[in-house]
Amino acid sequence: MHYTGTIWRPPYEAASLLLEVTAGCTWHRCKFCTLYDDLPFRFRMTPPETVEADLREAQMTAHDPMGKLAALLQGLPASGGVRRVFLTGANPFALSFDRLRHIAELVRRYLPSCETIGCFARVTDVGKKTDEELAALRDLGCTGLSIGVETGHGPSLRFMDKGYGPEDIVEQCRRLDGAGIGYRFMYLAGLPGAGRGPEGAAASAEVFNRTHPQIIGSSMLTVFRESRLYQEMEAGNWAEESEVEKLEEVRTLVEKLDIPVWFATLGASNAVLVQGNLPEERPALLTKLDAARDPAREEALRRYRRSLPHL
């Protein structure tokens, strides 16, 4: 298997086979993002022959007779094969329909046990597919897209140069709903800036309540010197929320979400971990967040933030 640079995947894809079909990001303009700065290029597609070679290797591993014998001797359950493949890169869903279809067909050929294929996607990637193409991709098992919407707050989306607005999120998610493609949202607490967290969270909840994500995974913004956002801070154009403010933003989001969804603070950027099904577990989540957002904890939370090597 070949991989380029640091490989990022959502925590809930831990059991998935990671297949590199792209590297880098087609957009690469979000002011806060430094995730792909270690690459010497902006975006690159993996040649089809390399994808196929990786799948052949994965096929051999999945059906390794010695591995099955070792499991049998140790009393372990036999592997049922690869059930899910996660395509790596910032937004592989930007690939053309024909290329995605070819990849899905290769996955089916080499890993017949695979049931679904997921990947990261930008909102704009969905807009480049026709309704018929989306439905065809769903029939090939492409579902469970992880969409880095980050926020539904229009001013934050514009300032951070995300390349789409709140209504674009709603429109493209409705098209995914129509095609039967499930999706998960990645939310990034802290984007509105100092004093505006609750406003941003309330606006985001209003947008998200018009969609049907399976999961909303919330991370917390860390501002690095290498980012364009740091330059905006230095110029006095944006101020970072305190750690307690970020927790208040997350609390507001949890409080105002009305849709049935599994909500979790996902990833190392969160010093406070909460998870549960909304709306039934809302009181428990709010109680934990209320206990965590004590102003006396600000310095300890800030020390944790300074220790992080990534978003």
# chains A, B, ... in the order shown; residues from 1 in each chain; ligands from 1

$ residues_around --residues "Thr211 (chain A)" --least-positions-apart "2" --cutoff "12 Å" --atoms "only C-alpha atoms" --output "PyMOL selection string"
chain A and resi 152+166-178+182-185+204-209+213-216+257-261

$ residues_around --residues "region 103-109 of chain A" --least-positions-apart "5" --cutoff "10 Å" --atoms "only C-alpha atoms" --output "list in words"
Leu19, Val21, Pro48, Val51, Glu52, Leu55, Arg56, Ala58, Gln59, Arg84, Val85, Leu87, Phe97, Asp98, Cys114, Glu115, Thr116, Ile117, Leu137, Leu140, Gly141 and Cys142 of chain A

$ write_last_selection --atoms "N, CA and C atoms" --output "tab-separated table (two decimals), in the first residue's frame"
chain	number	residue	atom	x	y	z
A	19	LEU	N	-7.45	3.61	1.37
A	19	LEU	CA	-6.97	3.47	0.00
A	19	LEU	C	-6.69	4.86	-0.55
A	21	VAL	N	-6.36	7.48	-3.18
A	21	VAL	CA	-6.73	7.75	-4.57
A	21	VAL	C	-6.43	9.19	-4.95
A	48	PRO	N	-4.41	5.19	-11.93
A	48	PRO	CA	-5.28	4.00	-11.78
A	48	PRO	C	-4.51	2.71	-11.55
A	51	VAL	N	-3.61	2.48	-7.89
A	51	VAL	CA	-4.78	2.12	-7.09
A	51	VAL	C	-5.04	0.62	-7.20
A	52	GLU	N	-4.95	0.10	-8.41
A	52	GLU	CA	-5.21	-1.33	-8.61
A	52	GLU	C	-4.15	-2.18	-7.93
A	55	LEU	N	-4.93	-2.35	-4.30
A	55	LEU	CA	-6.06	-3.23	-4.05
A	55	LEU	C	-5.66	-4.70	-4.15
A	56	ARG	N	-4.75	-5.02	-5.05
A	56	ARG	CA	-4.25	-6.40	-5.12
A	56	ARG	C	-3.54	-6.76	-3.83
A	58	ALA	N	-4.06	-5.40	-0.88
A	58	ALA	CA	-5.08	-5.51	0.17
A	58	ALA	C	-5.82	-6.83	0.05
A	59	GLN	N	-6.07	-7.27	-1.17
A	59	GLN	CA	-6.75	-8.55	-1.39
A	59	GLN	C	-5.92	-9.70	-0.82
A	84	ARG	N	-15.41	-2.12	4.63
A	84	ARG	CA	-15.52	-0.71	4.20
A	84	ARG	C	-14.16	-0.20	3.77
A	85	VAL	N	-14.15	0.58	2.71
A	85	VAL	CA	-12.95	1.24	2.21
A	85	VAL	C	-13.14	2.74	2.36
A	87	LEU	N	-11.49	6.22	1.06
A	87	LEU	CA	-10.57	6.81	0.10
A	87	LEU	C	-9.89	8.02	0.74
A	97	PHE	N	-16.98	11.65	-12.05
A	97	PHE	CA	-17.85	10.49	-11.87
A	97	PHE	C	-17.22	9.25	-12.47
A	98	ASP	N	-16.68	9.37	-13.69
A	98	ASP	CA	-16.09	8.20	-14.35
A	98	ASP	C	-14.94	7.62	-13.53
A	114	CYS	N	-16.42	-6.01	0.49
A	114	CYS	CA	-16.62	-4.59	0.82
A	114	CYS	C	-18.07	-4.18	0.55
A	115	GLU	N	-18.67	-3.55	1.55
A	115	GLU	CA	-20.08	-3.16	1.46
A	115	GLU	C	-20.25	-1.69	1.10
A	116	THR	N	-19.35	-0.84	1.61
A	116	THR	CA	-19.48	0.60	1.36
A	116	THR	C	-18.12	1.25	1.18
A	117	ILE	N	-18.14	2.40	0.51
A	117	ILE	CA	-16.94	3.18	0.26
A	117	ILE	C	-17.21	4.61	0.71
A	137	LEU	N	-23.44	6.34	-8.07
A	137	LEU	CA	-22.38	6.13	-7.09
A	137	LEU	C	-22.93	5.45	-5.84
A	140	LEU	N	-23.15	1.86	-6.35
A	140	LEU	CA	-21.83	1.23	-6.30
A	140	LEU	C	-21.28	1.17	-4.87
A	141	GLY	N	-22.05	1.64	-3.89
A	141	GLY	CA	-21.63	1.55	-2.50
A	141	GLY	C	-21.01	2.79	-1.93
A	142	CYS	N	-20.96	3.87	-2.71
A	142	CYS	CA	-20.35	5.12	-2.21
A	142	CYS	C	-21.34	5.84	-1.30

$ residues_around --residues "Leu229 (chain A)" --least-positions-apart "3" --cutoff "7 Å" --atoms "only C-alpha atoms" --output "number ranges by chain"
A: 31-32, 223, 232-233

$ atom_distance --atom1 "CA of Arg99 (chain A)" --atom2 "CA of Glu133 (chain A)"
11.6 Å

$ select_by_dssp --residues "region 12-218 of chain A" --states "alpha helix (DSSP H)" --output "ChimeraX atom specification"
/A:48-62,65-73,97-110,123-127,131-139,154-159,166-179,197-208
